[in-house]
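One file, start-v2.cif, is given below (mmCIF, C-alpha atoms (C1' of nucleotides)).
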```cif
data_input
loop_
_atom_site.label_atom_id
_atom_site.label_comp_id
_atom_site.auth_asym_id
_atom_site.auth_seq_id
_atom_site.Cartn_x
_atom_site.Cartn_y
_atom_site.Cartn_z
CA MET T 647 -21.22 9.93 18.31
CA ASN T 648 -18.88 9.66 21.26
CA ILE T 649 -18.01 12.41 23.67
CA GLY T 650 -14.86 13.41 21.80
CA GLU T 651 -16.71 14.08 18.60
CA ALA T 652 -19.46 15.91 20.44
CA ALA T 653 -16.81 18.03 22.10
CA ALA T 654 -15.15 18.85 18.81
CA GLY T 655 -18.49 19.62 17.23
CA SER T 656 -19.71 21.86 20.00
CA GLY T 657 -16.59 23.54 21.23
CA VAL T 658 -17.26 22.29 24.76
CA SER T 659 -14.46 20.17 26.21
CA ALA T 660 -15.22 16.54 27.04
CA LYS T 661 -14.30 17.41 30.61
CA MET T 662 -16.97 20.07 30.73
CA ILE T 663 -19.56 17.88 29.02
CA ARG T 664 -19.17 15.30 31.77
CA HIS T 665 -19.35 18.05 34.34
CA TYR T 666 -22.53 19.48 32.87
CA GLU T 667 -24.00 16.04 33.05
CA ALA T 668 -22.89 15.60 36.65
CA ILE T 669 -24.67 18.78 37.70
CA GLY T 670 -27.80 17.80 35.82
CA LEU T 671 -27.58 20.41 33.10
CA ILE T 672 -27.64 17.81 30.36
CA GLU T 673 -28.15 14.08 30.06
CA ALA T 674 -26.59 11.39 27.94
CA THR T 675 -27.62 7.96 26.81
CA ARG T 676 -25.06 5.23 27.21
CA ARG T 677 -23.94 2.57 24.84
CA PRO T 678 -23.63 -1.05 25.98
CA ASN T 679 -19.92 -0.48 26.52
CA GLY T 680 -20.60 2.41 28.88
CA TYR T 681 -19.61 5.14 26.46
CA ARG T 682 -21.81 8.22 26.33
CA SER T 683 -23.63 8.60 23.06
CA TYR T 684 -24.67 11.90 21.52
CA GLY T 685 -26.80 12.92 18.56
CA PRO T 686 -26.88 16.14 16.57
CA GLN T 687 -29.53 17.56 18.88
CA ASP T 688 -27.23 17.04 21.85
CA VAL T 689 -24.48 18.89 20.07
CA ALA T 690 -26.91 21.73 19.43
CA VAL T 691 -27.64 21.88 23.14
CA LEU T 692 -23.93 21.95 23.92
CA ARG T 693 -23.43 24.73 21.44
CA PHE T 694 -26.26 26.61 23.06
CA ILE T 695 -24.55 26.23 26.40
CA ARG T 696 -21.24 27.39 25.01
CA HIS T 697 -22.80 30.49 23.49
CA ALA T 698 -24.50 31.29 26.74
CA ARG T 699 -21.17 30.86 28.55
CA ASP T 700 -19.59 33.16 25.99
CA LEU T 701 -22.18 35.68 27.07
CA ALA T 702 -21.05 35.03 30.64
CA PHE T 703 -24.33 33.56 31.77
CA PRO T 704 -23.81 31.59 34.98
CA LEU T 705 -24.72 27.93 34.75
CA GLU T 706 -27.84 28.37 36.85
CA ASP T 707 -29.08 30.94 34.36
CA ILE T 708 -28.23 28.59 31.56
CA ARG T 709 -30.32 25.93 33.20
CA ARG T 710 -33.29 28.28 32.99
CA LEU T 711 -32.42 29.42 29.48
CA LEU T 712 -32.34 25.82 28.36
CA ALA T 713 -35.77 25.27 29.84
CA LEU T 714 -37.04 28.33 28.01
CA TRP T 715 -35.38 27.20 24.83
CA ARG T 716 -37.01 23.80 25.01
CA ASP T 717 -40.36 25.36 25.74
CA ARG T 718 -41.76 26.11 22.32
CA SER T 719 -44.44 28.28 23.83
CA ARG T 720 -42.08 30.39 25.93
CA ALA T 721 -42.81 34.07 26.10
CA SER T 722 -39.96 36.12 24.74
CA ALA T 723 -40.55 38.45 27.67
CA ASP T 724 -39.15 35.79 30.00
CA VAL T 725 -35.97 35.52 28.02
CA LYS T 726 -35.67 39.24 27.69
CA GLN T 727 -36.05 39.73 31.40
CA MET T 728 -33.31 37.24 32.17
CA ALA T 729 -31.06 38.85 29.62
CA LEU T 730 -31.61 42.33 30.98
CA ASP T 731 -31.06 41.19 34.54
CA HIS T 732 -27.86 39.60 33.40
CA VAL T 733 -26.80 42.73 31.55
CA ALA T 734 -27.34 44.73 34.71
CA ALA T 735 -25.22 42.32 36.72
CA LEU T 736 -22.45 42.40 34.15
CA GLU T 737 -22.44 46.16 33.94
CA SER T 738 -22.39 46.54 37.67
CA LYS T 739 -19.43 44.22 37.92
CA ALA T 740 -17.65 45.96 35.07
CA ALA T 741 -18.25 49.35 36.65
CA SER T 742 -16.93 48.32 40.02
CA LEU T 743 -13.81 46.82 38.47
CA GLN T 744 -13.29 49.98 36.51
CA ALA T 745 -13.76 52.09 39.62
CA VAL T 746 -11.11 50.12 41.46
CA ALA T 747 -8.81 50.39 38.46
CA ASP T 748 -9.35 54.13 38.34
CA SER T 749 -8.52 54.69 41.96
CA LEU T 750 -5.47 52.48 41.78
CA ARG T 751 -4.31 54.22 38.65
CA HIS T 752 -4.76 57.50 40.40
CA LEU T 753 -2.56 56.31 43.24
CA ALA T 754 0.05 55.05 40.82
CA GLN T 755 0.16 58.40 39.08
CA HIS T 756 1.36 59.96 42.28
CA CYS T 757 4.02 57.37 42.82
CA ASN T 758 7.46 58.48 41.71
CA GLY T 759 8.32 55.04 40.48
CA ASP T 760 11.98 55.50 41.27
CA ASP T 761 14.32 53.74 43.65
CA ARG T 762 13.19 55.65 46.70
CA PRO T 763 10.89 53.82 49.04
CA ASP T 764 8.14 56.42 49.33
CA CYS T 765 4.99 55.32 47.62
CA PRO T 766 1.43 56.52 48.03
CA ILE T 767 0.14 53.12 47.00
CA ILE T 768 1.76 51.50 50.00
CA ALA T 769 0.57 54.42 52.11
CA GLU T 770 -2.96 53.79 50.99
CA LEU T 771 -2.68 50.12 51.77
CA GLU T 772 -1.34 50.99 55.18
CA GLY T 773 -4.59 52.79 55.71
CA ILE T 774 -3.09 56.20 56.41
CA ARG T 775 -6.52 57.69 56.18
CA GLU T 776 -8.07 55.52 58.85
CA MET M 1041 -5.57 39.95 71.65
CA ASN M 1042 -7.48 36.95 70.38
CA ILE M 1043 -8.55 36.34 66.82
CA GLY M 1044 -12.01 37.81 67.35
CA GLU M 1045 -10.67 41.14 68.46
CA ALA M 1046 -8.09 41.17 65.68
CA ALA M 1047 -10.89 40.47 63.23
CA ALA M 1048 -13.02 43.28 64.58
CA GLY M 1049 -10.08 45.64 64.58
CA SER M 1050 -8.98 44.85 61.06
CA GLY M 1051 -12.19 44.16 59.22
CA VAL M 1052 -10.92 40.74 58.19
CA SER M 1053 -13.11 37.85 59.33
CA ALA M 1054 -11.63 35.33 61.75
CA LYS M 1055 -12.29 32.73 59.12
CA MET M 1056 -10.14 34.60 56.65
CA ILE M 1057 -7.40 35.29 59.18
CA ARG M 1058 -7.04 31.56 59.75
CA HIS M 1059 -7.09 31.02 56.02
CA TYR M 1060 -4.38 33.60 55.40
CA GLU M 1061 -2.29 31.85 58.00
CA ALA M 1062 -2.94 28.47 56.39
CA ILE M 1063 -1.65 29.70 53.04
CA GLY M 1064 1.37 31.31 54.62
CA LEU M 1065 0.39 34.91 54.07
CA ILE M 1066 0.64 35.73 57.76
CA GLU M 1067 1.78 34.02 60.93
CA ALA M 1068 0.48 33.94 64.48
CA THR M 1069 1.98 33.17 67.82
CA ARG M 1070 0.00 30.87 70.04
CA ARG M 1071 -0.91 31.10 73.68
CA PRO M 1072 -0.41 28.09 75.95
CA ASN M 1073 -4.07 27.25 75.51
CA GLY M 1074 -3.65 27.08 71.74
CA TYR M 1075 -5.38 30.36 71.01
CA ARG M 1076 -3.81 32.60 68.39
CA SER M 1077 -2.45 35.83 69.80
CA TYR M 1078 -2.19 39.09 67.89
CA GLY M 1079 -0.62 42.46 68.56
CA PRO M 1080 -1.31 45.87 67.03
CA GLN M 1081 1.27 45.27 64.33
CA ASP M 1082 -0.56 42.13 63.26
CA VAL M 1083 -3.77 44.08 63.02
CA ALA M 1084 -1.99 46.63 60.84
CA VAL M 1085 -0.91 43.82 58.54
CA LEU M 1086 -4.46 42.53 58.36
CA ARG M 1087 -5.72 45.96 57.56
CA PHE M 1088 -3.11 46.23 54.83
CA ILE M 1089 -4.38 42.97 53.39
CA ARG M 1090 -7.95 44.10 53.55
CA HIS M 1091 -7.18 47.35 51.76
CA ALA M 1092 -5.33 45.46 49.08
CA ARG M 1093 -8.30 43.11 48.71
CA ASP M 1094 -10.56 46.14 48.45
CA LEU M 1095 -8.38 47.14 45.53
CA ALA M 1096 -8.99 43.66 44.13
CA PHE M 1097 -5.39 42.56 44.40
CA PRO M 1098 -5.25 38.78 44.24
CA LEU M 1099 -3.69 37.13 47.28
CA GLU M 1100 -0.55 36.22 45.41
CA ASP M 1101 -0.03 39.89 44.58
CA ILE M 1102 -0.69 40.75 48.19
CA ARG M 1103 2.02 38.34 49.20
CA ARG M 1104 4.46 40.36 47.13
CA LEU M 1105 3.04 43.67 48.29
CA LEU M 1106 3.52 42.61 51.87
CA ALA M 1107 7.12 41.75 51.16
CA LEU M 1108 7.61 45.16 49.58
CA TRP M 1109 5.87 46.81 52.47
CA ARG M 1110 8.12 45.13 54.98
CA ASP M 1111 11.16 46.00 52.96
CA ARG M 1112 12.06 49.45 54.13
CA SER M 1113 14.46 49.88 51.25
CA ARG M 1114 11.96 48.89 48.59
CA ALA M 1115 11.97 50.88 45.38
CA SER M 1116 8.66 52.59 44.74
CA ALA M 1117 9.12 51.56 41.12
CA ASP M 1118 8.47 47.95 42.12
CA VAL M 1119 5.21 48.81 43.77
CA LYS M 1120 4.18 51.07 40.93
CA GLN M 1121 4.86 48.35 38.40
CA MET M 1122 2.71 45.86 40.27
CA ALA M 1123 -0.05 48.40 40.62
CA LEU M 1124 -0.03 49.28 36.94
CA ASP M 1125 0.01 45.65 35.92
CA HIS M 1126 -2.95 45.12 38.17
CA VAL M 1127 -4.74 48.15 36.76
CA ALA M 1128 -4.26 46.74 33.28
CA ALA M 1129 -5.68 43.39 34.32
CA LEU M 1130 -8.67 45.03 35.98
CA GLU M 1131 -9.39 47.22 33.02
CA SER M 1132 -9.14 44.36 30.61
CA LYS M 1133 -11.58 42.34 32.66
CA ALA M 1134 -13.93 45.30 33.01
CA ALA M 1135 -13.80 45.95 29.28
CA SER M 1136 -14.58 42.38 28.36
CA LEU M 1137 -17.50 42.26 30.77
CA GLN M 1138 -18.80 45.49 29.34
CA ALA M 1139 -18.41 44.18 25.80
CA VAL M 1140 -20.47 41.13 26.67
CA ALA M 1141 -23.07 43.30 28.36
CA ASP M 1142 -23.25 45.53 25.30
CA SER M 1143 -23.81 42.71 22.88
CA LEU M 1144 -26.39 41.10 25.10
CA ARG M 1145 -28.17 44.40 25.57
CA HIS M 1146 -28.18 44.82 21.82
CA LEU M 1147 -29.81 41.44 21.42
CA ALA M 1148 -32.37 42.24 24.08
CA GLN M 1149 -33.26 45.46 22.34
CA HIS M 1150 -34.42 43.48 19.36
CA CYS M 1151 -36.50 41.13 21.45
CA ASN M 1152 -40.18 42.00 21.51
CA GLY M 1153 -40.51 40.99 25.10
CA ASP M 1154 -44.09 39.90 24.66
CA ASP M 1155 -45.81 36.56 24.99
CA ARG M 1156 -44.76 35.35 21.60
CA PRO M 1157 -41.95 32.84 21.51
CA ASP M 1158 -39.73 34.54 18.92
CA CYS M 1159 -36.62 35.95 20.49
CA PRO M 1160 -33.30 36.92 18.92
CA ILE M 1161 -31.50 36.14 22.16
CA ILE M 1162 -32.50 32.52 21.93
CA ALA M 1163 -31.69 32.60 18.24
CA GLU M 1164 -28.22 33.82 19.02
CA LEU M 1165 -27.72 31.15 21.62
CA GLU M 1166 -28.88 28.56 19.11
CA GLY M 1167 -25.99 29.72 17.00
CA ILE M 1168 -28.01 30.77 13.99
CA ARG M 1169 -24.95 32.38 12.58
CA GLU M 1170 -22.84 29.26 12.61
"C1'" DC F 23 -21.11 23.96 88.31
"C1'" DT F 24 -23.46 25.69 84.59
"C1'" DT F 25 -23.97 28.75 80.88
"C1'" DG F 26 -22.58 31.38 77.12
"C1'" DA F 27 -19.16 33.38 74.37
"C1'" DC F 28 -15.07 32.39 72.27
"C1'" DC F 29 -11.61 29.47 70.41
"C1'" DT F 30 -9.77 25.17 67.94
"C1'" DT F 31 -9.65 21.96 63.77
"C1'" DC F 32 -11.88 19.76 59.98
"C1'" DC F 33 -15.13 19.13 56.20
"C1'" DC F 34 -18.16 21.07 52.84
"C1'" DA F 35 -19.97 24.53 49.67
"C1'" DT F 36 -19.87 28.10 46.26
"C1'" DA F 37 -18.67 28.56 40.13
"C1'" DC F 38 -15.92 27.01 36.58
"C1'" DT F 39 -12.26 24.77 34.42
"C1'" DG F 40 -8.36 21.96 33.92
"C1'" DG F 41 -4.69 18.17 34.92
"C1'" DG F 42 -3.75 13.68 35.60
"C1'" DA F 43 -4.01 8.67 37.09
"C1'" DA F 44 -5.76 3.90 36.66
"C1'" DA F 45 -8.53 0.97 34.25
"C1'" DC F 46 -11.24 -0.46 30.41
"C1'" DA F 47 -12.84 -0.34 25.24
"C1'" DC F 48 -11.89 -0.19 20.56
"C1'" DC F 49 -9.49 -0.63 16.21
"C1'" DA F 50 -5.68 -1.39 13.15
"C1'" DT F 51 -1.60 -3.52 12.20
"C1'" DC F 52 1.75 -7.22 12.48
"C1'" DG D 1254 -3.76 -13.38 18.90
"C1'" DA D 1255 -0.63 -9.96 20.61
"C1'" DT D 1256 0.52 -5.21 20.60
"C1'" DG D 1257 0.06 -0.45 20.49
"C1'" DG D 1258 -2.36 3.82 20.09
"C1'" DT D 1259 -6.29 6.41 20.90
"C1'" DG D 1260 -10.66 7.15 23.23
"C1'" DT D 1261 -13.44 6.65 27.30
"C1'" DT D 1262 -14.60 5.69 32.03
"C1'" DT D 1263 -14.35 7.27 36.98
"C1'" DC D 1264 -12.05 9.53 40.64
"C1'" DC D 1265 -9.01 12.84 42.93
"C1'" DC D 1266 -6.83 17.25 43.05
"C1'" DA D 1267 -5.85 22.11 41.76
"C1'" DG D 1268 -6.96 26.86 41.53
"C1'" DT D 1269 -9.80 32.08 43.51
"C1'" DA D 1270 -11.72 33.79 47.97
"C1'" DT D 1271 -15.08 33.27 51.08
"C1'" DG D 1272 -18.41 31.37 54.18
"C1'" DG D 1273 -21.26 27.75 56.85
"C1'" DG D 1274 -21.35 24.55 60.18
"C1'" DA D 1275 -20.09 20.58 63.24
"C1'" DA D 1276 -17.64 18.72 67.25
"C1'" DG D 1277 -15.02 19.80 70.84
"C1'" DG D 1278 -11.80 22.61 74.09
"C1'" DT D 1279 -11.28 27.13 77.11
"C1'" DC D 1280 -12.46 30.76 79.85
"C1'" DA D 1281 -14.96 34.07 82.63
"C1'" DA D 1282 -19.09 35.32 84.96
"C1'" DG D 1283 -22.90 34.04 87.67
#
```
As structure tokens, how would this structure be written, given the file I've shared?
Amino acid sequence: MNIGEAAAGSGVSAKMIRHYEAIGLIEATRRPNGYRSYGPQDVAVLRFIRHARDLAFPLEDIRRLLALWRDRSRASADVKQMALDHVAALESKAASLQAVADSLRHLAQHCNGDDRPDCPIIAELEGIRE
Amino acid sequence: MNIGEAAAGSGVSAKMIRHYEAIGLIEATRRPNGYRSYGPQDVAVLRFIRHARDLAFPLEDIRRLLALWRDRSRASADVKQMALDHVAALESKAASLQAVADSLRHLAQHCNGDDRPDCPIIAELEGIRE
DNA sequence: CTTGACCTTCCCATACTGGGAAACACCATC
DNA sequence: GATGGTGTTTCCCAGTATGGGAAGGTCAAG
């Protein structure tokens, strides 16, 4: 099948499929006319990639996950370790975003929100406390 | 003062100061020799930007915040609205990261993590449920 | 006058995705 | 066979925000 069909079947845009090929994440055989040609197995790989992206795995992680996936004799411990590392990274990012949100919300609570110019948010940004 | 001193005094790297100028966020007067020249007020602006970045405001928001800051007659309601919008965006991003982390952690919990190949994480990525 | 620290601009890189242009391939219809 | 529509190719550019590094100019101290 051509790239369009592979895209539709995998949920990965044709644009991204070409990109993944350019960065060496996947490969594609070419037809005599230059068109990329994909089989069901390729679509499965693309789906795998999409699911991993849905789980916010960075592409470099996905590269390793693909290698593990292809390795029939992989140890599940390897996969688990990657997953847990990734979970830790996600949670740390989530927590720091939430912390920023909390402190900004706190500032906003003390802002009148009227037509007067005084605003603790601006005061904070000015760095009153420095 | 030169860019290096302004950078040290504001906590914004010289690289970033030039970048902020390039995108029109700030301006700089030049000395005859071509060097950028900054005064204390400029450093205050840079500090303002840095604080806003610490609060994860995107640069486009900072552009507006700077305008509000410079506007002595600004309504605090404007600032508050921007802040609350930003809080909502941050929290939504934090929540979705956390949701991904949760589901991945759940998968990992059911992975033996031994030297056998079976692993529900890989199974999920394969899209068993599709 | 040399040396070293600082400054300038310009290009490249990160990670991921999309938009769009110009050219070519294919297929169906007239 | 000409035409048109759709698909595909490559290439360039865009964004977020930041940094690395090269090649060269400037200045102050020794």
Legend entry - Neighbour list for Arg1058 of chain M as a list in words, cut-off 10 Å, all atoms listed in the file, skip fewer than 5 positions in-chain: Ile1043, Ser1053, Ile1063, Gly1064, Leu1065, Ile1066, Glu1067, Ala1068 and Arg1076 of chain M
Inset, instruction - Give me the residues within 10 Å of DC49 of chain F as a list in words, counting only C-alpha atoms (C1' of nucleotides) and dropping any in the same chain fewer than 2 places off. - result: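 Result of the neighbour search: DA47 and DT51 of chain F; DG1258 and DT1259 of chain D.
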Legend entry - Selected residue, from T:Val658, T:Leu714, T:Leu705, T:Ala723, that lies nearest to chain M when counting all atoms listed in the file: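 Counting all atoms listed in the file, the residue closest to chain M is T:Ala723.
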Legend entry - atom C1' of DT1269 of chain D to atom CA of Pro1098 of chain M, straight-line distance in Å: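 These two atoms are separated by 8.1 Å.
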Legend entry - Counting all atoms listed in the file, chain M residues within 7 Å of chain T, as a count of residues only: 39
Superimposed copy of chain T on chain M by least squares over C-alpha atoms, as a CSV table (one decimal) with C-alpha atoms, in the frame of the given file:
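To be explicit, this is the file written out as selection39.csv:
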```
chain,number,residue,atom,x,y,z
T,647,MET,CA,-5.4,40.0,71.6
T,648,ASN,CA,-7.4,37.0,70.4
T,649,ILE,CA,-8.5,36.4,66.9
T,650,GLY,CA,-11.9,37.9,67.4
T,651,GLU,CA,-10.6,41.2,68.5
T,652,ALA,CA,-8.1,41.2,65.7
T,653,ALA,CA,-10.9,40.5,63.3
T,654,ALA,CA,-13.0,43.3,64.7
T,655,GLY,CA,-10.0,45.7,64.6
T,656,SER,CA,-9.0,44.9,61.1
T,657,GLY,CA,-12.2,44.2,59.3
T,658,VAL,CA,-11.0,40.7,58.3
T,659,SER,CA,-13.2,37.9,59.4
T,660,ALA,CA,-11.7,35.4,61.9
T,661,LYS,CA,-12.4,32.7,59.2
T,662,MET,CA,-10.2,34.6,56.7
T,663,ILE,CA,-7.5,35.3,59.2
T,664,ARG,CA,-7.1,31.6,59.8
T,665,HIS,CA,-7.2,31.0,56.1
T,666,TYR,CA,-4.5,33.6,55.4
T,667,GLU,CA,-2.4,31.8,58.0
T,668,ALA,CA,-3.0,28.4,56.4
T,669,ILE,CA,-1.8,29.7,53.0
T,670,GLY,CA,1.3,31.2,54.6
T,671,LEU,CA,0.3,34.8,54.0
T,672,ILE,CA,0.6,35.7,57.7
T,673,GLU,CA,1.7,34.0,60.9
T,674,ALA,CA,0.5,33.9,64.4
T,675,THR,CA,2.0,33.2,67.8
T,676,ARG,CA,0.1,30.9,70.0
T,677,ARG,CA,-0.7,31.2,73.7
T,678,PRO,CA,-0.3,28.2,76.0
T,679,ASN,CA,-3.9,27.4,75.6
T,680,GLY,CA,-3.6,27.1,71.8
T,681,TYR,CA,-5.3,30.4,71.1
T,682,ARG,CA,-3.7,32.6,68.4
T,683,SER,CA,-2.4,35.8,69.8
T,684,TYR,CA,-2.1,39.1,67.9
T,685,GLY,CA,-0.5,42.5,68.5
T,686,PRO,CA,-1.2,45.9,67.0
T,687,GLN,CA,1.3,45.3,64.3
T,688,ASP,CA,-0.5,42.1,63.2
T,689,VAL,CA,-3.7,44.1,63.0
T,690,ALA,CA,-2.0,46.6,60.8
T,691,VAL,CA,-0.9,43.8,58.5
T,692,LEU,CA,-4.5,42.5,58.4
T,693,ARG,CA,-5.7,45.9,57.6
T,694,PHE,CA,-3.1,46.2,54.8
T,695,ILE,CA,-4.4,42.9,53.4
T,696,ARG,CA,-8.0,44.1,53.6
T,697,HIS,CA,-7.2,47.3,51.7
T,698,ALA,CA,-5.4,45.4,49.1
T,699,ARG,CA,-8.4,43.1,48.7
T,700,ASP,CA,-10.6,46.1,48.5
T,701,LEU,CA,-8.4,47.1,45.5
T,702,ALA,CA,-9.0,43.6,44.1
T,703,PHE,CA,-5.4,42.5,44.4
T,704,PRO,CA,-5.3,38.7,44.2
T,705,LEU,CA,-3.7,37.1,47.2
T,706,GLU,CA,-0.5,36.2,45.4
T,707,ASP,CA,-0.1,39.8,44.6
T,708,ILE,CA,-0.7,40.7,48.2
T,709,ARG,CA,2.0,38.3,49.2
T,710,ARG,CA,4.4,40.3,47.1
T,711,LEU,CA,3.0,43.6,48.3
T,712,LEU,CA,3.5,42.6,51.9
T,713,ALA,CA,7.1,41.7,51.1
T,714,LEU,CA,7.6,45.1,49.6
T,715,TRP,CA,5.8,46.8,52.4
T,716,ARG,CA,8.1,45.1,55.0
T,717,ASP,CA,11.1,46.0,52.9
T,718,ARG,CA,12.0,49.4,54.1
T,719,SER,CA,14.4,49.9,51.2
T,720,ARG,CA,11.9,48.9,48.6
T,721,ALA,CA,11.9,50.9,45.4
T,722,SER,CA,8.6,52.6,44.8
T,723,ALA,CA,9.1,51.6,41.1
T,724,ASP,CA,8.4,48.0,42.1
T,725,VAL,CA,5.2,48.8,43.8
T,726,LYS,CA,4.2,51.1,41.0
T,727,GLN,CA,4.8,48.4,38.4
T,728,MET,CA,2.7,45.9,40.3
T,729,ALA,CA,-0.1,48.4,40.6
T,730,LEU,CA,0.0,49.3,37.0
T,731,ASP,CA,0.0,45.7,35.9
T,732,HIS,CA,-3.0,45.1,38.2
T,733,VAL,CA,-4.8,48.2,36.8
T,734,ALA,CA,-4.3,46.8,33.3
T,735,ALA,CA,-5.7,43.4,34.3
T,736,LEU,CA,-8.7,45.0,36.0
T,737,GLU,CA,-9.4,47.3,33.0
T,738,SER,CA,-9.2,44.4,30.6
T,739,LYS,CA,-11.6,42.4,32.7
T,740,ALA,CA,-14.0,45.3,33.0
T,741,ALA,CA,-13.8,46.0,29.3
T,742,SER,CA,-14.6,42.4,28.4
T,743,LEU,CA,-17.5,42.3,30.8
T,744,GLN,CA,-18.8,45.5,29.3
T,745,ALA,CA,-18.4,44.2,25.8
T,746,VAL,CA,-20.5,41.1,26.6
T,747,ALA,CA,-23.1,43.3,28.3
T,748,ASP,CA,-23.3,45.6,25.3
T,749,SER,CA,-23.8,42.7,22.9
T,750,LEU,CA,-26.4,41.1,25.1
T,751,ARG,CA,-28.2,44.4,25.5
T,752,HIS,CA,-28.2,44.8,21.8
T,753,LEU,CA,-29.8,41.5,21.4
T,754,ALA,CA,-32.4,42.3,24.1
T,755,GLN,CA,-33.3,45.5,22.3
T,756,HIS,CA,-34.4,43.5,19.3
T,757,CYS,CA,-36.5,41.1,21.4
T,758,ASN,CA,-40.2,42.0,21.5
T,759,GLY,CA,-40.5,41.0,25.1
T,760,ASP,CA,-44.1,39.9,24.6
T,761,ASP,CA,-45.8,36.6,24.9
T,762,ARG,CA,-44.7,35.3,21.5
T,763,PRO,CA,-41.9,32.8,21.4
T,764,ASP,CA,-39.7,34.5,18.9
T,765,CYS,CA,-36.6,35.9,20.5
T,766,PRO,CA,-33.3,36.9,18.9
T,767,ILE,CA,-31.5,36.1,22.1
T,768,ILE,CA,-32.5,32.5,21.9
T,769,ALA,CA,-31.6,32.6,18.2
T,770,GLU,CA,-28.2,33.8,19.0
T,771,LEU,CA,-27.7,31.1,21.6
T,772,GLU,CA,-28.8,28.6,19.1
T,773,GLY,CA,-25.9,29.7,17.0
T,774,ILE,CA,-28.0,30.8,13.9
T,775,ARG,CA,-24.9,32.4,12.5
T,776,GLU,CA,-22.7,29.3,12.6
```
Inset, instruction - Kindly extract all protein, DNA and RNA residues lying within 12 Å of the coordinates (-13.4, 20.4, 71.6) given in the file, considering all atoms listed in the file, and supply them as number ranges by chain. - result: M: 1074; F: 29-32; D: 1275-1279
Inset, instruction - Just the residues within 10 Å of DC46 of chain F, please, counting all atoms listed in the file, with nothing from its chain fewer than 2 positions along; format it as a list in words. - result: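 Skipping anything fewer than 2 positions along the chain leaves Asn679 and Gly680 of chain T; DA44 and DC48 of chain F; DT1261 and DT1262 of chain D.
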Evaluate the PyMOL selection byres ((chain D and resi 1273) around 9) here and jot the selected residues down as a short mmCIF file (atom, residue, chain, number, x, y, z; two decimals) with C-alpha atoms (C1' of nucleotides), in the coordinates of the input.
```cif
data_model
loop_
_atom_site.label_atom_id
_atom_site.label_comp_id
_atom_site.auth_asym_id
_atom_site.auth_seq_id
_atom_site.Cartn_x
_atom_site.Cartn_y
_atom_site.Cartn_z
"C1'" DC F 34 -18.16 21.07 52.84
"C1'" DA F 35 -19.97 24.53 49.67
"C1'" DG D 1272 -18.41 31.37 54.18
"C1'" DG D 1274 -21.35 24.55 60.18
#
```
What's around DC1280 of chain D at 12 Å? Count only C-alpha atoms (C1' of nucleotides), leave out sequence neighbours fewer than 3 positions away in its own chain, and write the answer as a CSV table (one decimal) with C-alpha atoms (C1' of nucleotides), keeping the file's coordinate frame.
```csv
chain,number,residue,atom,x,y,z
M,1073,ASN,CA,-4.1,27.2,75.5
M,1075,TYR,CA,-5.4,30.4,71.0
F,25,DT,C1',-24.0,28.8,80.9
F,26,DG,C1',-22.6,31.4,77.1
F,27,DA,C1',-19.2,33.4,74.4
F,28,DC,C1',-15.1,32.4,72.3
F,29,DC,C1',-11.6,29.5,70.4
```
Please evaluate the PyMOL selection byres ((chain D and resi 1283) around 10) against the structure above and give the resulting residues as a PDB file with C-alpha atoms (C1' of nucleotides), in the coordinates of the input.
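Output contents, as saved in expr.pdb:
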```
ATOM      1  C1'  DT F  24     -23.460  25.690  84.590  1.00  0.00           C
ATOM      2  C1'  DT F  25     -23.970  28.750  80.880  1.00  0.00           C
TER       3       DT F  25
ATOM      4  C1'  DA D1281     -14.960  34.070  82.630  1.00  0.00           C
ATOM      5  C1'  DA D1282     -19.090  35.320  84.960  1.00  0.00           C
TER       6       DA D1282
END
```
Legend entry - For atom CA of Gly1079 of chain M and atom CA of Met1041 of chain M, the interatomic separation in Å (one decimal):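 About the pair atom CA of Gly1079 of chain M and atom CA of Met1041 of chain M: they are 6.4 Å apart.
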Reconstructed segment 760-765 of chain T, atom set N, CA, C and O atoms, as a PDB file, in the frame of the given file:
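What landed in selection-v3.pdb:
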```
ATOM      1  N   ASP T 760      10.523  55.511  41.341  1.00  0.00           N
ATOM      2  CA  ASP T 760      11.980  55.500  41.270  1.00  0.00           C
ATOM      3  C   ASP T 760      12.513  54.509  42.307  1.00  0.00           C
ATOM      4  O   ASP T 760      11.797  53.623  42.745  1.00  0.00           O
ATOM      5  N   ASP T 761      13.764  54.703  42.697  1.00  0.00           N
ATOM      6  CA  ASP T 761      14.320  53.740  43.650  1.00  0.00           C
ATOM      7  C   ASP T 761      14.192  54.193  45.102  1.00  0.00           C
ATOM      8  O   ASP T 761      14.750  53.579  45.998  1.00  0.00           O
ATOM      9  N   ARG T 762      13.445  55.259  45.309  1.00  0.00           N
ATOM     10  CA  ARG T 762      13.190  55.650  46.700  1.00  0.00           C
ATOM     11  C   ARG T 762      11.994  54.866  47.216  1.00  0.00           C
ATOM     12  O   ARG T 762      11.130  54.445  46.435  1.00  0.00           O
ATOM     13  N   PRO T 763      11.936  54.695  48.503  1.00  0.00           N
ATOM     14  CA  PRO T 763      10.890  53.820  49.040  1.00  0.00           C
ATOM     15  C   PRO T 763       9.510  54.471  49.144  1.00  0.00           C
ATOM     16  O   PRO T 763       8.511  53.761  49.238  1.00  0.00           O
ATOM     17  N   ASP T 764       9.444  55.774  49.122  1.00  0.00           N
ATOM     18  CA  ASP T 764       8.140  56.420  49.330  1.00  0.00           C
ATOM     19  C   ASP T 764       7.174  56.075  48.216  1.00  0.00           C
ATOM     20  O   ASP T 764       7.514  56.177  47.046  1.00  0.00           O
ATOM     21  N   CYS T 765       5.977  55.720  48.628  1.00  0.00           N
ATOM     22  CA  CYS T 765       4.990  55.320  47.620  1.00  0.00           C
ATOM     23  C   CYS T 765       3.594  55.479  48.173  1.00  0.00           C
ATOM     24  O   CYS T 765       3.251  54.862  49.177  1.00  0.00           O
TER      25      CYS T 765
END
```
